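Comments concern the structure below.
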Amino acid sequence: MSGGPAEPLREVIARHGLHASKALGQNFILDRQLLARIAAIPGPLEGRTVYEVGPGPGGLTRALLDAGANVVAVERDRRCLPALAELEEAFAGKLKIIEGDALAVDDRAEAGEGADIVANLPYNVGTALLLRWLGGQDWPPWWRSLTLMFQREVAERIVAAPGSEHYGRLSVAAQWRCRARIAMNVHRSAFVPPPKVTSAVVHIVPEKMPEGVRAEVVEKVTAAAFGQRRKMLRQSLKGVPGALEALDALGIDPQRRAESLGVEDFVALARALS
Ligand code: SAM
């Protein structure tokens with residue numbers, strides 16, 4: 001049956017002529033079991049709302065709907081809309097498709113408070129959205145969890161511990177008021193066409209925001225510190241007013257480098273400057 005539950009995704013793609021576009025960063029996952037495992041990462045979805053970015057031919061969308069979620073999905077490739085419209089019909093009232101660029105959509109208004117966000121996106125769009133979702137002074141955020149596919153190397157940067165080679169701005173942004181972990185590695189052969197590198201799904205859940213800290217100050221201090229990550233803090237933080245005095249007051253040796261500071265050190269530094 002066209003668009004029916006048993007139709008393999010490969011056939012959905014062939015029927016709609018959805019050969020993957022490189023410009024749109026399209027690497028589709030066709031394995032229903034793998035898609036079901038990804039859809040299980042946010043936890044039970046029965047009756048919950050999921051905001052999905054980049055549904056493409058709808059494989060992951062389908063897995064989320066099968067798990068009982070209501071899905072709001074934004075896709076910028078018009079070619080995918082007929083395949084997604086079939087899903088909309090099959091799951092009447094449970095799926096809403098928005099045509100557009102996820103970077104320009106008012107996701108909070110579209111998905112509503114408390115939605116789980118799930119996305120398998122091109123790397124640059126994914127990182128830009130991640131930073132947007134992690135940023136801002138409002139906390140807890142409007143979303144309940146993030147389940148996002150990245151290149152393995154980017155996923156490692158998100159969850160990296162101090163002192164490790166991947167530790168940097170992205171690690172602090174993801175960890176200073178969230179818990180972040182790699183939930184699953186996904187081999188390149190799972191995608192059509194296969195990307196050059198291994199991917200990984202990151203799962204991020206908000207935690208309590210430390211008191212007395214402004215998010216924009218955390219961002220400013222980490223940007224300065226990691227902008228010159230090989231330099232000592234007394235050099236890299238020279239341009240941030242009050243930072244050297246704050247290091248002194250906190251007993252942080254200004255000869256250290258950014259990569260040796262824990263996430264809680266950046267929070268303490270930002271608190272002193274907030
Ligand atoms: N979710 C599908 C899957 O897992 O097989 C498709 C994943 S594919 C890596 C990325 C999808 O994101 C593509 O369908 C692409 O058209 C879409 N996309 C790329 N940039 C986008 C953007 N800025 N806004 C919305 N969708 C975008």
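Letters for chains follow the order of the structure tokens (A, B, ...), residue numbers begin at 1 for each chain, and ligand numbers begin at 1 in the order shown.
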Practice task
Show which residues sit within 12 Å of Ile41 in chain A, as number ranges by chain. Count only C-alpha atoms, and ignore same-chain residues fewer than 4 positions away.
Solution key: A: 34-37, 45, 63-64, 67, 116-119, 145-149, 181-184, 201-205
Take the residues just selected and output them with N, CA, C and O atoms as a compact mmCIF listing (two decimals), in the first residue's frame.
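Contents of the output file part.txt:
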```txt
# COMPACT_ATOMS: atom_id res chain seq x y z
N LEU A 34 16.58 0.84 13.66
CA LEU A 34 17.47 1.90 14.14
C LEU A 34 16.67 3.16 14.43
O LEU A 34 16.86 3.82 15.46
N LEU A 35 15.73 3.50 13.56
CA LEU A 35 14.90 4.69 13.76
C LEU A 35 14.08 4.57 15.05
O LEU A 35 13.95 5.53 15.80
N ALA A 36 13.59 3.36 15.32
CA ALA A 36 12.81 3.15 16.55
C ALA A 36 13.70 3.32 17.77
O ALA A 36 13.28 3.87 18.80
N ARG A 37 14.96 2.89 17.66
CA ARG A 37 15.88 3.06 18.80
C ARG A 37 16.19 4.53 19.04
O ARG A 37 16.30 4.98 20.18
N LEU A 45 6.98 8.40 24.77
CA LEU A 45 6.47 9.57 24.03
C LEU A 45 4.95 9.60 23.91
O LEU A 45 4.40 10.53 23.31
N ALA A 63 8.74 6.83 13.09
CA ALA A 63 9.10 6.12 14.32
C ALA A 63 8.57 6.88 15.55
O ALA A 63 8.12 6.27 16.52
N LEU A 64 8.62 8.20 15.50
CA LEU A 64 8.13 9.02 16.63
C LEU A 64 6.61 8.89 16.75
O LEU A 64 6.07 8.77 17.85
N ALA A 67 5.67 5.69 18.20
CA ALA A 67 5.90 5.66 19.65
C ALA A 67 4.82 6.43 20.40
O ALA A 67 4.87 6.54 21.62
N ASP A 116 9.66 17.71 23.37
CA ASP A 116 10.97 17.07 23.20
C ASP A 116 11.42 17.39 21.79
O ASP A 116 10.64 17.29 20.84
N ILE A 117 12.68 17.77 21.64
CA ILE A 117 13.20 18.10 20.31
C ILE A 117 14.04 16.94 19.79
O ILE A 117 14.88 16.40 20.52
N VAL A 118 13.79 16.55 18.55
CA VAL A 118 14.53 15.44 17.94
C VAL A 118 14.94 15.88 16.54
O VAL A 118 14.12 16.41 15.79
N ALA A 119 16.20 15.66 16.18
CA ALA A 119 16.62 16.07 14.83
C ALA A 119 17.83 15.30 14.33
O ALA A 119 18.74 15.00 15.09
N SER A 145 13.73 18.08 26.36
CA SER A 145 14.97 17.34 26.07
C SER A 145 15.37 17.58 24.62
O SER A 145 14.53 17.95 23.79
N LEU A 146 16.66 17.36 24.33
CA LEU A 146 17.17 17.44 22.96
C LEU A 146 17.76 16.08 22.60
O LEU A 146 18.55 15.52 23.37
N THR A 147 17.38 15.55 21.46
CA THR A 147 17.96 14.30 20.95
C THR A 147 18.44 14.61 19.55
O THR A 147 17.63 14.74 18.62
N LEU A 148 19.74 14.77 19.39
CA LEU A 148 20.26 15.34 18.14
C LEU A 148 21.40 14.51 17.57
O LEU A 148 22.34 14.13 18.29
N MET A 149 21.32 14.27 16.27
CA MET A 149 22.38 13.53 15.57
C MET A 149 23.46 14.52 15.12
O MET A 149 23.15 15.55 14.52
N ARG A 181 24.89 13.65 27.18
CA ARG A 181 25.58 12.37 27.02
C ARG A 181 25.44 11.89 25.57
O ARG A 181 24.52 12.32 24.85
N ILE A 182 26.36 11.03 25.17
CA ILE A 182 26.22 10.38 23.86
C ILE A 182 25.35 9.15 24.07
O ILE A 182 25.71 8.26 24.85
N ALA A 183 24.19 9.13 23.42
CA ALA A 183 23.24 8.04 23.65
C ALA A 183 23.52 6.86 22.72
O ALA A 183 23.19 5.72 23.04
N MET A 184 24.12 7.15 21.56
CA MET A 184 24.27 6.09 20.56
C MET A 184 25.26 6.52 19.48
O MET A 184 25.25 7.69 19.07
N VAL A 201 24.34 10.18 18.37
CA VAL A 201 23.16 10.90 18.86
C VAL A 201 23.45 11.39 20.28
O VAL A 201 23.85 10.61 21.14
N VAL A 202 23.26 12.69 20.47
CA VAL A 202 23.48 13.29 21.78
C VAL A 202 22.13 13.52 22.45
O VAL A 202 21.17 13.92 21.79
N HIS A 203 22.07 13.23 23.73
CA HIS A 203 20.84 13.48 24.50
C HIS A 203 21.14 14.50 25.59
O HIS A 203 22.07 14.31 26.38
N ILE A 204 20.37 15.57 25.60
CA ILE A 204 20.62 16.68 26.52
C ILE A 204 19.34 16.99 27.30
O ILE A 204 18.26 17.12 26.71
N VAL A 205 19.49 17.09 28.62
CA VAL A 205 18.34 17.38 29.49
C VAL A 205 18.70 18.58 30.37
O VAL A 205 19.78 18.61 30.95
```
Practice task
List all protein, DNA and RNA residues that have any atom at most 7 Å from ligand 1, counting only C-alpha atoms and all ligand atoms, and write the list as a VMD selection string.
Solution key: chain A and resid 24 to 30 53 to 60 74 to 77 100 to 103 119 to 122 125
Exercise for the section: For CA of Ile38 in chain A and CA of Leu87 in chain A, quote the distance in Å rounded to one decimal. Expected result: 18.7 Å
Problem - Neighbour list for range 215-222 of chain A as a PyMOL selection string, cut-off 7 Å, only C-alpha atoms, skip fewer than 2 positions in-chain - result: chain A and resi 135-137+169+213+224-226+266-267+270+274
Exercise for the section: Could you jot down the CA of Arg257 in chain A to CA of Gly126 in chain A separation for me, Å, one decimal place? Expected result: 28.2 Å
Handout entry: Å distance separating CA of Ala173 in chain A from CA of Asn124 in chain A, one decimal place
Key =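 Atom-to-atom, CA of Ala173 in chain A and CA of Asn124 in chain A are spaced 16.4 Å apart.
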